>>> print(open('target-v1.cif').read())   # mmCIF, C-alpha atoms
data_final
loop_
_atom_site.label_atom_id
_atom_site.label_comp_id
_atom_site.auth_asym_id
_atom_site.auth_seq_id
_atom_site.Cartn_x
_atom_site.Cartn_y
_atom_site.Cartn_z
CA MET A 250 0.00 0.00 0.00
CA LEU A 251 2.87 2.38 0.74
CA TYR A 252 4.28 1.94 -2.76
CA ALA A 253 0.85 2.38 -4.35
CA ARG A 254 0.28 5.67 -2.48
CA THR A 255 3.76 6.85 -3.43
CA ILE A 256 3.11 6.14 -7.10
CA GLN A 257 -0.23 7.96 -6.98
CA LEU A 258 1.44 11.02 -5.45
CA LEU A 259 4.17 10.97 -8.09
CA LEU A 260 1.70 10.74 -10.96
CA LEU A 261 -0.38 13.56 -9.48
CA SER A 262 2.71 15.74 -9.02
CA LEU A 263 3.95 15.20 -12.54
CA CYS A 264 0.56 15.59 -14.21
CA CYS A 265 0.19 19.03 -12.62
CA TYR A 266 2.98 20.20 -14.92
CA GLU A 267 1.77 18.80 -18.24
CA ALA A 268 2.42 22.20 -19.85
CA ILE A 269 6.14 21.54 -19.39
CA ALA A 270 5.75 18.08 -20.93
CA VAL A 271 6.92 15.95 -18.02
CA SER A 272 6.10 12.32 -18.73
CA ALA A 273 4.29 10.33 -16.06
CA VAL A 274 6.53 7.64 -14.56
CA GLU A 275 6.16 5.10 -11.77
CA LEU A 276 8.56 4.49 -8.90
CA LEU A 277 9.45 0.83 -8.37
CA PRO A 278 10.28 -0.57 -4.91
CA GLU A 279 13.72 -0.44 -3.38
CA GLU A 280 16.21 -3.15 -4.29
CA ARG A 281 19.06 -4.20 -2.02
CA VAL A 282 22.14 -4.62 -4.17
CA ALA A 283 24.75 -5.64 -1.58
CA SER A 284 24.31 -6.22 2.16
CA ASP A 285 26.21 -9.21 3.57
CA GLY A 286 28.09 -7.96 6.64
CA ARG A 287 30.65 -5.90 4.75
CA ASN A 288 30.65 -2.14 5.10
CA TYR A 289 29.77 -1.26 1.50
CA GLN A 290 30.22 2.33 0.40
CA MET A 291 29.68 4.44 -2.67
CA SER A 292 32.65 6.40 -3.95
CA ARG A 293 33.47 9.77 -2.38
CA ASN A 294 32.28 11.26 -5.66
CA PRO A 295 29.62 8.81 -6.99
CA ASN A 296 28.83 10.80 -10.14
CA HIS A 297 30.38 8.10 -12.35
CA SER A 298 29.54 5.00 -10.32
CA MET A 299 26.65 3.79 -12.49
CA ALA A 300 25.70 3.47 -16.15
CA VAL A 301 22.79 1.94 -18.08
CA GLY A 302 23.34 0.10 -21.34
CA ARG A 303 21.25 0.23 -24.47
CA ASP A 304 19.52 -3.00 -23.43
CA GLY A 305 18.61 -1.60 -20.00
CA THR A 306 21.34 -3.41 -18.04
CA VAL A 307 22.54 -1.36 -15.06
CA HIS A 308 26.26 -1.42 -14.22
CA LEU A 309 27.33 -0.27 -10.74
CA VAL A 310 30.62 -0.02 -8.81
CA PHE A 311 31.26 0.56 -5.10
CA TRP A 312 33.78 -0.48 -2.44
CA ASP A 313 33.98 -1.74 1.14
CA SER A 314 35.97 -1.19 4.31
CA PHE A 315 35.36 -0.86 8.04
CA TYR A 316 38.58 1.08 8.61
CA LEU A 317 39.89 4.53 7.78
CA ASP A 318 43.05 3.02 6.28
CA THR A 319 43.46 -0.12 4.22
CA SER A 320 46.15 -2.72 4.99
CA PRO A 321 46.74 -6.47 4.66
CA ALA A 322 45.03 -6.91 8.04
CA HIS A 323 41.82 -5.38 6.69
CA PRO A 324 42.06 -4.76 2.93
CA SER A 325 39.39 -2.77 1.15
CA THR A 326 37.89 -3.97 -2.14
CA ALA A 327 36.42 -2.42 -5.29
CA TRP A 328 33.23 -4.22 -6.38
CA TYR A 329 31.06 -4.42 -9.48
CA CYS A 330 27.42 -5.52 -9.87
CA ARG A 331 25.01 -5.52 -12.77
CA ARG A 332 21.23 -5.61 -12.99
CA ASP A 333 19.72 -7.28 -16.05
CA PRO A 334 16.58 -5.85 -17.69
CA SER A 335 14.34 -8.29 -15.79
CA GLY A 336 15.49 -6.83 -12.46
CA TYR A 337 17.95 -9.54 -11.37
CA TRP A 338 21.15 -8.35 -9.65
CA SER A 339 24.32 -10.37 -10.15
CA SER A 340 26.47 -11.30 -7.19
CA PRO A 341 29.14 -8.67 -6.47
CA GLU A 342 32.39 -9.25 -8.40
CA ILE A 343 35.80 -8.18 -7.12
CA VAL A 344 37.40 -5.72 -9.53
CA ASP A 345 40.83 -5.03 -8.06
CA ASP A 346 43.60 -7.61 -7.79
CA SER A 347 45.44 -5.54 -5.22
CA TYR A 348 48.29 -7.87 -4.34
CA THR A 349 51.90 -7.03 -3.62
CA SER A 350 54.68 -8.91 -5.41
CA GLY A 351 54.69 -11.24 -2.42
CA GLY A 352 51.01 -12.11 -2.82
CA THR A 353 49.68 -9.95 0.03
CA ARG A 354 46.33 -8.25 -0.63
CA VAL A 355 46.29 -4.56 0.34
CA GLY A 356 43.21 -3.02 -1.28
CA GLY A 357 41.59 -0.64 -3.74
CA ARG A 358 39.04 2.12 -3.18
CA HIS A 359 36.68 4.70 -4.73
CA PRO A 360 35.95 3.16 -8.15
CA SER A 361 34.30 4.84 -11.12
CA LEU A 362 33.30 3.30 -14.44
CA VAL A 363 32.64 3.92 -18.09
CA LEU A 364 30.44 1.75 -20.30
CA ARG A 365 31.53 1.43 -23.90
CA PRO A 366 28.91 1.01 -26.68
CA ASN A 367 29.82 -2.67 -27.16
CA GLY A 368 28.97 -3.41 -23.51
CA GLU A 369 32.55 -3.41 -22.27
CA VAL A 370 32.95 -2.00 -18.74
CA ARG A 371 36.08 -0.13 -17.65
CA VAL A 372 36.59 0.47 -13.93
CA PHE A 373 39.11 2.91 -12.43
CA TRP A 374 40.17 3.17 -8.78
CA HIS A 375 43.10 4.10 -6.55
CA ASP A 376 45.15 1.17 -5.28
CA TYR A 377 47.53 0.53 -2.38
CA ARG A 378 49.48 -2.51 -3.62
CA ASN A 379 52.68 -0.53 -4.33
CA CYS A 380 52.88 0.96 -0.82
CA ALA A 381 55.24 -0.18 1.92
CA ALA A 382 54.35 -1.69 5.27
CA ALA A 383 56.96 0.54 6.92
CA LYS A 384 55.03 3.58 5.63
CA LYS A 385 51.69 2.19 6.86
CA TRP A 386 50.61 1.39 3.28
CA ILE A 387 50.12 5.01 2.29
CA ASP A 388 53.29 6.13 0.49
CA ASN A 389 52.70 5.15 -3.18
CA ILE A 390 48.98 4.97 -4.00
CA GLU A 391 48.48 4.65 -7.76
CA ILE A 392 45.62 4.80 -10.28
CA TYR A 393 44.54 1.47 -11.78
CA MET A 394 42.08 0.20 -14.39
CA ASP A 395 40.51 -3.12 -15.28
CA THR A 396 38.24 -4.22 -18.11
CA ARG A 397 35.20 -6.50 -18.15
CA PRO A 398 34.28 -7.74 -21.63
CA PRO A 399 30.56 -7.89 -22.53
CA ALA A 400 30.36 -11.63 -21.86
CA GLY A 401 33.38 -12.13 -19.65
CA SER A 402 34.98 -11.34 -16.31
CA PHE A 403 37.48 -8.83 -15.02
CA SER A 404 41.07 -9.61 -15.85
CA PRO A 405 43.50 -10.80 -13.14
CA ASN A 406 46.01 -8.38 -14.68
CA ASP A 407 44.98 -4.86 -13.69
CA VAL A 408 46.44 -2.00 -15.71
CA ARG A 409 48.56 0.43 -13.71
CA LEU A 410 47.89 3.85 -15.24
CA THR A 411 50.35 5.78 -13.07
CA THR A 412 53.84 4.62 -12.20
CA THR A 413 55.56 7.24 -10.07
CA TRP A 414 58.41 7.22 -7.57
CA ALA A 415 58.67 10.57 -5.81
CA ALA A 416 61.48 11.30 -3.39
CA HIS A 417 59.00 11.92 -0.58
CA ASP A 418 56.72 9.36 1.13
CA GLY A 419 53.39 10.92 0.12
CA ASP A 420 53.38 10.04 -3.59
CA ASN A 421 49.66 9.27 -3.72
CA GLY A 422 46.90 9.67 -6.30
CA TYR A 423 43.23 9.46 -5.33
CA VAL A 424 39.62 9.03 -6.51
CA PRO A 425 39.80 8.78 -10.32
CA GLN A 426 36.74 9.90 -12.27
CA ALA A 427 36.30 8.60 -15.81
CA ILE A 428 34.08 9.59 -18.73
CA LEU A 429 33.68 8.32 -22.28
CA SER A 430 33.81 10.57 -25.32
CA PRO A 431 31.26 9.99 -28.13
CA THR A 432 34.21 9.06 -30.36
CA GLY A 433 35.60 6.47 -27.95
CA GLU A 434 38.30 8.30 -25.98
CA ILE A 435 38.29 7.86 -22.20
CA PHE A 436 39.20 10.82 -19.98
CA VAL A 437 40.37 10.07 -16.41
CA VAL A 438 40.97 12.80 -13.81
CA TRP A 439 42.25 12.48 -10.24
CA TYR A 440 44.16 14.45 -7.62
CA ASP A 441 47.75 13.60 -6.80
CA TYR A 442 50.49 14.58 -4.32
CA HIS A 443 53.37 13.43 -6.53
CA PHE A 444 55.04 16.84 -6.81
CA ASN A 445 54.29 18.05 -3.28
CA ARG A 446 53.84 15.86 -0.23
CA ASN A 447 51.31 18.23 1.36
CA LEU A 448 49.55 19.94 -1.55
CA ALA A 449 47.71 18.11 -4.32
CA ASP A 450 47.15 19.05 -7.96
CA ILE A 451 44.71 17.88 -10.65
CA PHE A 452 45.86 15.33 -13.26
CA LEU A 453 44.30 14.02 -16.46
CA MET A 454 44.98 11.03 -18.69
CA LYS A 455 43.31 10.45 -22.07
CA SER A 456 43.09 7.25 -24.12
CA ASP A 457 42.90 6.87 -27.88
CA ALA A 458 39.59 6.13 -29.63
CA GLN A 459 39.97 2.41 -28.87
CA GLY A 460 40.37 3.07 -25.15
CA ARG A 461 44.13 2.41 -25.10
CA PHE A 462 46.28 4.51 -22.75
CA ASN A 463 49.90 5.44 -23.36
CA LEU A 464 51.43 4.10 -20.17
CA SER A 465 54.82 5.63 -20.92
CA THR A 466 53.51 9.20 -20.73
CA PRO A 467 55.52 11.03 -18.02
CA ILE A 468 53.55 12.23 -15.03
CA GLU A 469 54.61 15.82 -15.78
CA SER A 470 52.57 15.71 -18.99
CA LEU A 471 49.44 14.65 -17.11
CA ARG A 472 49.49 17.52 -14.65
CA LEU A 473 46.81 20.19 -15.23
CA THR A 474 47.45 22.49 -12.25
CA ASN A 475 50.63 23.50 -10.50
CA VAL A 476 50.67 24.41 -6.82
CA SER A 477 53.87 26.41 -7.25
CA GLN A 478 51.91 28.83 -9.44
CA ARG A 479 49.12 29.34 -6.89
CA ALA A 480 49.48 32.18 -4.45
CA ASP A 481 47.12 30.62 -1.91
CA SER A 482 49.03 27.31 -1.56
CA ILE A 483 46.01 25.06 -1.15
CA SER A 484 45.39 21.52 -2.30
CA TYR A 485 43.11 20.94 -5.27
CA THR A 486 41.16 17.74 -4.59
CA LEU A 487 38.31 15.53 -5.83
CA PRO A 488 37.98 16.62 -9.46
CA ASP A 489 35.07 15.72 -11.71
CA ILE A 490 34.91 16.00 -15.50
CA ALA A 491 32.31 16.42 -18.26
CA LEU A 492 32.29 17.03 -22.00
CA ASP A 493 30.19 19.62 -23.80
CA GLY A 494 28.68 19.28 -27.28
CA SER A 495 32.02 20.03 -28.95
CA LYS A 496 33.85 17.44 -26.76
CA THR A 497 35.64 20.15 -24.78
CA PRO A 498 36.48 18.81 -21.28
CA HIS A 499 35.17 20.85 -18.34
CA LEU A 500 36.37 20.23 -14.79
CA VAL A 501 35.32 21.10 -11.26
CA TRP A 502 37.01 20.34 -7.94
CA THR A 503 37.21 21.46 -4.34
CA GLN A 504 40.09 22.31 -2.02
CA ASP A 505 42.04 20.69 0.82
CA ASN A 506 41.34 17.38 2.53
CA GLN A 507 40.29 18.40 6.02
CA SER A 508 38.53 21.74 5.98
CA GLY A 509 37.87 24.69 3.71
CA TYR A 510 35.17 25.03 1.10
CA GLY A 511 35.41 26.01 -2.52
CA VAL A 512 34.01 25.08 -5.94
CA TYR A 513 36.62 25.58 -8.67
CA TYR A 514 36.01 25.35 -12.41
CA ALA A 515 38.20 25.30 -15.53
CA ARG A 516 38.09 23.89 -19.05
CA LEU A 517 40.74 22.56 -21.41
CA LYS A 518 41.58 24.99 -24.19
CA ALA A 519 43.72 22.65 -26.30
CA GLY A 520 45.55 19.46 -25.50
CA SER A 521 46.22 19.65 -21.76
CA ILE A 522 46.22 23.46 -21.41
CA LEU A 523 43.81 24.42 -18.66
CA THR A 524 42.11 27.80 -18.44
CA THR A 525 42.72 29.86 -15.32
CA PRO A 526 40.58 28.28 -12.59
CA THR A 527 37.43 30.18 -11.62
CA LEU A 528 36.10 30.08 -8.06
CA LEU A 529 32.37 29.47 -8.55
CA SER A 530 31.71 29.53 -4.81
CA PRO A 531 34.13 30.10 -1.90
CA THR A 532 31.63 28.51 0.50
CA GLY A 533 30.36 25.56 -1.54
CA ALA A 534 31.25 21.86 -1.31
CA ASP A 535 33.90 20.23 0.87
CA PHE A 536 36.15 17.19 0.95
CA PHE A 537 33.31 14.86 1.97
CA ASP A 538 30.80 16.42 -0.41
CA PRO A 539 32.62 17.44 -3.62
CA PRO A 540 31.03 19.23 -6.59
CA HIS A 541 29.78 17.32 -9.64
CA ILE A 542 29.75 18.40 -13.28
CA ILE A 543 27.69 17.01 -16.15
CA GLY A 544 27.34 17.69 -19.86
CA ALA A 545 23.78 17.93 -21.23
CA PRO A 546 22.49 16.56 -24.56
CA ARG A 547 21.80 20.09 -25.81
CA GLY A 548 25.35 21.29 -25.10
CA ASP A 549 24.85 22.92 -21.68
CA VAL A 550 27.22 22.15 -18.81
CA TYR A 551 25.86 22.02 -15.24
CA VAL A 552 27.71 22.07 -11.92
CA ILE A 553 25.94 20.97 -8.73
CA TRP A 554 27.23 21.48 -5.20
CA THR A 555 26.22 21.94 -1.57
CA GLU A 556 26.20 25.61 -0.57
CA HIS A 557 27.09 26.28 3.09
CA ASP A 558 26.77 30.08 3.24
CA THR A 559 23.00 30.55 3.29
CA PRO A 560 20.83 33.19 5.02
CA ALA A 561 18.98 30.49 6.96
CA GLY A 562 22.17 28.83 8.15
CA ASP A 563 21.30 25.51 6.50
CA THR A 564 22.91 23.86 3.46
CA ASP A 565 21.29 23.99 0.02
CA ILE A 566 21.67 22.10 -3.25
CA VAL A 567 22.82 24.69 -5.81
CA VAL A 568 23.20 24.37 -9.58
CA ALA A 569 25.08 26.60 -12.02
CA ARG A 570 24.49 26.48 -15.78
CA LEU A 571 26.99 27.17 -18.56
CA ARG A 572 25.15 27.66 -21.83
CA PRO A 573 26.64 26.54 -25.16
CA GLY A 574 29.24 29.04 -26.34
CA ALA A 575 29.12 31.09 -23.14
CA GLN A 576 32.34 32.01 -21.31
CA SER A 577 30.77 32.25 -17.84
CA PHE A 578 28.04 30.53 -15.87
CA ASP A 579 24.56 31.89 -15.23
CA SER A 580 23.90 32.86 -11.62
CA PRO A 581 23.54 29.71 -9.48
CA PHE A 582 20.03 28.69 -8.42
CA LYS A 583 18.70 26.60 -5.55
CA VAL A 584 16.85 23.38 -6.37
CA LEU A 585 14.73 23.47 -3.19
CA GLN A 586 13.25 26.24 -1.11
CA ASN A 587 12.84 24.57 2.30
CA PRO A 588 14.72 25.38 5.55
CA PHE A 589 16.26 21.93 6.06
CA ASN A 590 19.73 20.75 5.16
CA GLN A 591 20.24 19.26 1.72
CA LEU A 592 23.62 17.94 0.66
CA GLN A 593 25.47 15.44 -1.59
CA GLY A 594 23.57 16.25 -4.77
CA ASP A 595 23.95 14.51 -8.10
CA LEU A 596 22.21 15.16 -11.42
CA LYS A 597 21.74 14.04 -15.00
CA VAL A 598 20.03 15.92 -17.84
CA ASP A 599 17.50 14.33 -20.21
CA SER A 600 16.91 15.08 -23.90
CA ARG A 601 14.28 17.69 -23.01
CA GLY A 602 16.76 19.67 -20.93
CA LEU A 603 15.16 18.73 -17.59
CA LEU A 604 17.43 18.05 -14.61
CA HIS A 605 17.03 14.76 -12.73
CA VAL A 606 18.44 15.60 -9.31
CA VAL A 607 19.08 13.39 -6.26
CA TRP A 608 20.28 14.54 -2.86
CA VAL A 609 20.50 13.77 0.85
CA ASP A 610 17.79 15.52 2.86
CA GLU A 611 17.50 16.01 6.64
CA ARG A 612 13.90 17.24 6.86
CA ASN A 613 12.77 14.15 8.83
CA GLY A 614 15.61 14.20 11.35
CA ARG A 615 17.90 11.74 9.55
CA ASN A 616 19.69 11.54 6.22
CA GLU A 617 17.31 10.33 3.51
CA ILE A 618 17.57 10.21 -0.27
CA TYR A 619 15.21 12.43 -2.27
CA SER A 620 14.79 12.83 -6.00
CA GLY A 621 13.24 15.52 -8.16
CA VAL A 622 12.84 16.73 -11.72
CA PHE A 623 13.81 20.38 -12.15
CA ASP A 624 13.21 22.74 -15.07
CA PRO A 625 16.26 25.05 -15.34
CA ASP A 626 14.44 27.58 -17.52
CA SER A 627 11.43 28.22 -15.26
CA LYS A 628 13.41 27.35 -12.06
CA ILE A 629 10.50 25.10 -11.04
CA LEU A 630 10.88 21.81 -9.18
CA LEU A 631 8.36 19.74 -11.12
CA SER A 632 8.33 16.68 -8.88
CA GLU A 633 9.86 15.53 -5.61
CA LEU A 634 9.90 12.09 -3.97
CA LYS A 635 11.55 10.41 -1.01
CA ILE A 636 13.55 7.49 -2.38
CA SER A 637 15.07 5.71 0.65
CA GLU A 638 12.61 3.93 2.94
CA GLY A 639 14.85 2.73 5.79
CA MET A 640 15.17 4.19 9.29
CA GLY A 641 18.97 4.49 9.11
CA ASP A 642 20.98 7.23 7.48
CA ALA A 643 21.43 7.13 3.70
CA SER A 644 24.09 8.99 1.73
CA ARG A 645 26.10 9.47 -1.48
CA PRO A 646 23.34 9.00 -4.06
CA SER A 647 24.13 8.52 -7.73
CA VAL A 648 21.64 8.97 -10.57
CA THR A 649 21.77 7.89 -14.20
CA LEU A 650 19.29 7.84 -17.08
CA ASP A 651 18.44 4.94 -19.38
CA PRO A 652 17.97 5.43 -23.15
CA SER A 653 14.28 6.28 -22.59
CA GLY A 654 15.13 9.02 -20.07
CA CYS A 655 13.94 7.19 -16.95
CA ALA A 656 16.11 7.57 -13.85
CA SER A 657 17.93 4.94 -11.80
CA ILE A 658 19.29 5.82 -8.36
CA ALA A 659 21.86 4.02 -6.17
CA TRP A 660 23.02 4.99 -2.68
CA MET A 661 24.69 3.70 0.48
CA ASP A 662 22.42 2.99 3.43
CA TYR A 663 23.04 2.22 7.13
CA ARG A 664 19.63 0.81 8.05
CA SER A 665 21.13 -2.59 8.91
CA GLY A 666 23.99 -1.28 11.06
CA GLN A 667 26.68 -1.21 8.39
CA GLY A 668 26.91 0.17 4.89
CA SER A 669 24.69 -1.48 2.28
CA ILE A 670 24.03 -0.53 -1.33
CA TYR A 671 20.43 0.11 -2.40
CA PHE A 672 18.87 0.90 -5.76
CA ARG A 673 15.59 2.26 -7.07
CA ARG A 674 14.32 3.23 -10.47
CA PHE A 675 11.52 5.00 -12.31
CA VAL A 676 9.84 3.43 -15.32
CA GLU A 677 7.11 4.36 -17.73
CA PRO A 678 3.66 3.12 -16.57
CA ALA A 679 3.28 0.41 -19.23
CA ARG A 680 6.70 -1.02 -18.40
CA ALA A 681 6.00 -0.77 -14.67
CA ARG A 682 2.85 -2.88 -14.96
CA ASN A 683 4.86 -5.64 -16.63
CA LEU A 684 7.52 -5.57 -13.91
CA TRP A 685 5.30 -5.12 -10.87
CA GLY A 686 4.73 -8.83 -10.41
CA LEU A 687 8.44 -9.32 -9.74
CA TYR A 688 8.05 -7.46 -6.40
CA ARG A 689 4.92 -9.13 -5.01
#
>>> encode(input="target-v1.cif", output="structure tokens")
Amino acid sequence: MLYARTIQLLLLSLCCYEAIAVSAVELLPEERVASDGRNYQMSRNPNHSMAVGRDGTVHLVFWDSFYLDTSPAHPSTAWYCRRDPSGYWSSPEIVDDSYTSGGTRVGGRHPSLVLRPNGEVRVFWHDYRNCAAAKKWIDNIEIYMDTRPPAGSFSPNDVRLTTTWAAHDGDNGYVPQAILSPTGEIFVVWYDYHFNRNLADIFLMKSDAQGRFNLSTPIESLRLTNVSQRADSISYTLPDIALDGSKTPHLVWTQDNQSGYGVYYARLKAGSILTTPTLLSPTGADFFDPPHIIGAPRGDVYVIWTEHDTPAGDTDIVVARLRPGAQSFDSPFKVLQNPFNQLQGDLKVDSRGLLHVVWVDERNGRNEIYSGVFDPDSKILLSELKISEGMGDASRPSVTLDPSGCASIAWMDYRSGQGSIYFRRFVEPARARNLWGLYR
């Protein structure tokens, strides 16, 4: 009965805005993807944790760990799951083969993925296998990749994308984010302390059209920002990347790894030449809630972040829009107008230009996942629904759209005492009626 009432409310909400041509959709029940005693987590930046194939198959990556640090005593793991069009979730598959030369497993964390048109899945993560026990397994963290063929399994031979040996003991790269170009190139961005033990910069690696990376490229050629050229001497951390209609890469990131807010933006002018970074907000985002960026089908670029400096003293989900051909963003706008905290937003844009937004909301006294459809032209929130149904805190939602424009949402949830991964999706009414029997 709860699901039926929820669906009725959604249909009523959406039908009230028929003039803006929002299609009626139905919300299917929650699905538990992974919950078996491990502490499963979504990536720190889950914007590229999920993709939907042309056949409707959902591909999802996440990781697990109960500890702040990974080590052979308690190694973390990068995981992959897929959901076939009938609604069946595969068992989680280990992605990383994070073993030292002596056969000791150390761990990998914070995966992202790209889905190639032929169904091939590429997963990227940061990995601890090259670190030393004497340095507490945190002196040479590198960026890795593995491939899952359409009808195969992940290789036991992970590809090491970065091979660096700095003189200091903080030569670490973190949280790679990957996107696929329409012509086949893969762009991977991450933040790295290779050139400065205490201050990170942004790095980017690009494949050829077949997805092959030049592993002999020197790390200096991959560096987009240079801390020695910044007067403020802050770390640039947790980058995200998107392409516009002309395939120009656009990047956002935040600063530091303990405190300090900031949403920074820049684009690539040619090759690896980055424009001068622009501070979109000095009080937006943070290390545990980084900004996301997405390219829209019509050529717009959107940045979403959590704004901390608000008149009401709460936090708001804020979006800034860069129109095709424009040199600067429109003024940012709030997605919601209520006095409660919203944070950890993610978004995708459909072919009509509507924003499908997910976020964490505290209006009911705990962290819950909400979803809405927003019209960026009228600044109207067309629909809003609570997605998570548990009594525990939920966080780090990720949203993606299938070829028909319907949204799928994944998040991490603590209703059972440790981190679990949950999933929920919207479908068109005719499709929902065919699938409903699966959940009785």
>>> closest_atom_pairs(input="target-v1.cif", of="stretch 516-562 of chain A", to="stretch 635-647 of chain A", cutoff="12 Å", atoms="all atoms listed in the file", output="tab-separated table")
residue	atom	partner	partner_atom	distance
A:Phe537	CA	A:Arg645	CA	9.6
A:Asp538	CA	A:Arg645	CA	8.5
A:Pro539	CA	A:Arg645	CA	10.5
A:His541	CA	A:Ser647	CA	10.6
>>> closest_atom_pairs(input="target-v1.cif", of="stretch 503-583 of chain A", to="stretch 599-603 of chain A", cutoff="10 Å", atoms="all atoms listed in the file", output="JSON lines")
{"residue": "A:Ala545", "atom": "CA", "partner": "A:Gly602", "partner_atom": "CA", "distance": 7.2}
{"residue": "A:Pro546", "atom": "CA", "partner": "A:Ser600", "partner_atom": "CA", "distance": 5.8}
{"residue": "A:Arg547", "atom": "CA", "partner": "A:Gly602", "partner_atom": "CA", "distance": 7.0}
{"residue": "A:Gly548", "atom": "CA", "partner": "A:Gly602", "partner_atom": "CA", "distance": 9.7}
{"residue": "A:Asp549", "atom": "CA", "partner": "A:Gly602", "partner_atom": "CA", "distance": 8.8}
>>> residues_around(input="target-v1.cif", residues="stretch 456-469 of chain A", least_positions_apart="6", cutoff="6 Å", atoms="only C-alpha atoms", output="short mmCIF file (atom, residue, chain, number, x, y, z; two decimals) with C-alpha atoms, in the coordinates of the input")
data_model
loop_
_atom_site.label_atom_id
_atom_site.label_comp_id
_atom_site.auth_asym_id
_atom_site.auth_seq_id
_atom_site.Cartn_x
_atom_site.Cartn_y
_atom_site.Cartn_z
CA GLY A 433 35.60 6.47 -27.95
CA GLU A 434 38.30 8.30 -25.98
CA ILE A 435 38.29 7.86 -22.20
#
>>> resolve_selection(input="target-v1.cif", expression="the PyMOL selection byres ((chain A and resi 413) around 10)", output="list in words")
Asn389, Ile390, Glu391, Leu410, Thr411, Thr412, Trp414, Ala415, Ala416, Asp420, Asn421, Gly422, His443, Pro467 and Ile468 of chain A
>>> atom_distance(input="target-v1.cif", atom1="atom CA of A:His375", atom2="atom CA of A:Arg303")
28.5 Å
>>> resolve_selection(input="target-v1.cif", expression="the PyMOL selection byres ((chain A and resi 430) around 12)", output="PDB file with C-alpha atoms, keeping the file's coordinate frame")
ATOM      1  CA  VAL A 363      32.640   3.920 -18.090  1.00  0.00           C
ATOM      2  CA  LEU A 364      30.440   1.750 -20.300  1.00  0.00           C
ATOM      3  CA  ARG A 365      31.530   1.430 -23.900  1.00  0.00           C
ATOM      4  CA  PRO A 366      28.910   1.010 -26.680  1.00  0.00           C
ATOM      5  CA  ALA A 427      36.300   8.600 -15.810  1.00  0.00           C
ATOM      6  CA  ILE A 428      34.080   9.590 -18.730  1.00  0.00           C
ATOM      7  CA  LEU A 429      33.680   8.320 -22.280  1.00  0.00           C
ATOM      8  CA  PRO A 431      31.260   9.990 -28.130  1.00  0.00           C
ATOM      9  CA  THR A 432      34.210   9.060 -30.360  1.00  0.00           C
ATOM     10  CA  GLY A 433      35.600   6.470 -27.950  1.00  0.00           C
ATOM     11  CA  GLU A 434      38.300   8.300 -25.980  1.00  0.00           C
ATOM     12  CA  ILE A 435      38.290   7.860 -22.200  1.00  0.00           C
ATOM     13  CA  PHE A 436      39.200  10.820 -19.980  1.00  0.00           C
ATOM     14  CA  VAL A 437      40.370  10.070 -16.410  1.00  0.00           C
ATOM     15  CA  LYS A 455      43.310  10.450 -22.070  1.00  0.00           C
ATOM     16  CA  SER A 456      43.090   7.250 -24.120  1.00  0.00           C
ATOM     17  CA  ASP A 457      42.900   6.870 -27.880  1.00  0.00           C
ATOM     18  CA  ALA A 458      39.590   6.130 -29.630  1.00  0.00           C
ATOM     19  CA  GLN A 459      39.970   2.410 -28.870  1.00  0.00           C
ATOM     20  CA  GLY A 460      40.370   3.070 -25.150  1.00  0.00           C
ATOM     21  CA  ILE A 490      34.910  16.000 -15.500  1.00  0.00           C
ATOM     22  CA  ALA A 491      32.310  16.420 -18.260  1.00  0.00           C
ATOM     23  CA  LEU A 492      32.290  17.030 -22.000  1.00  0.00           C
ATOM     24  CA  ASP A 493      30.190  19.620 -23.800  1.00  0.00           C
ATOM     25  CA  GLY A 494      28.680  19.280 -27.280  1.00  0.00           C
ATOM     26  CA  SER A 495      32.020  20.030 -28.950  1.00  0.00           C
ATOM     27  CA  LYS A 496      33.850  17.440 -26.760  1.00  0.00           C
ATOM     28  CA  THR A 497      35.640  20.150 -24.780  1.00  0.00           C
ATOM     29  CA  PRO A 498      36.480  18.810 -21.280  1.00  0.00           C
ATOM     30  CA  GLY A 544      27.340  17.690 -19.860  1.00  0.00           C
TER      31      GLY A 544
END
>>> closest_residue(input="target-v1.cif", among="A:Arg293, A:Arg354, A:His323, A:Arg612", to="A:Asn379", atoms="only C-alpha atoms")
A:Arg354
>>> residues_around(input="target-v1.cif", residues="stretch 563-580 of chain A", least_positions_apart="4", cutoff="8 Å", atoms="all atoms listed in the file", output="ChimeraX atom specification")
/A:493-494,548-559,584-585,588-594,608
>>> resolve_selection(input="target-v1.cif", expression="the PyMOL selection byres ((chain A and resi 404) around 10)", output="JSON, numbers by chain")
{"A": [344, 345, 346, 394, 395, 396, 397, 398, 401, 402, 403, 405, 406, 407, 408]}
>>> residues_around(input="target-v1.cif", residues="A:Gly509", least_positions_apart="4", cutoff="7 Å", atoms="all atoms listed in the file", output="PyMOL selection string")
chain A and resi 504-505+535
>>> closest_residue(input="target-v1.cif", among="A:Asn294, A:Ser347, A:Gln586, A:Ser477", to="A:Pro321", atoms="only C-alpha atoms")
A:Ser347
>>> closest_residue(input="target-v1.cif", among="A:Tyr663, A:Tyr377, A:Trp439, A:Tyr329", to="A:Asn288", atoms="only C-alpha atoms")
A:Tyr663
>>> residues_near_point(input="target-v1.cif", point="(56.0, 1.0, 3.7)", cutoff="12 Å", atoms="all atoms listed in the file", output="list in words")
Ser320, Pro321, Thr349, Val355, Tyr377, Arg378, Asn379, Cys380, Ala381, Ala382, Ala383, Lys384, Lys385, Trp386, Ile387, Asp388, Asn389, Ile390, Asp418, Gly419 and Asp420 of chain A
>>> atom_distance(input="target-v1.cif", atom1="atom CA of A:Ser361", atom2="atom CA of A:Pro425")
6.8 Å
>>> decode(input="target-v1.cif", residues="stretch 637-641 of chain A", atoms="C-alpha atoms", output="tab-separated table (two decimals), in the first residue's frame")
chain	number	residue	atom	x	y	z
A	637	SER	CA	15.07	5.71	0.65
A	638	GLU	CA	12.61	3.93	2.94
A	639	GLY	CA	14.85	2.73	5.79
A	640	MET	CA	15.17	4.19	9.29
A	641	GLY	CA	18.97	4.49	9.11
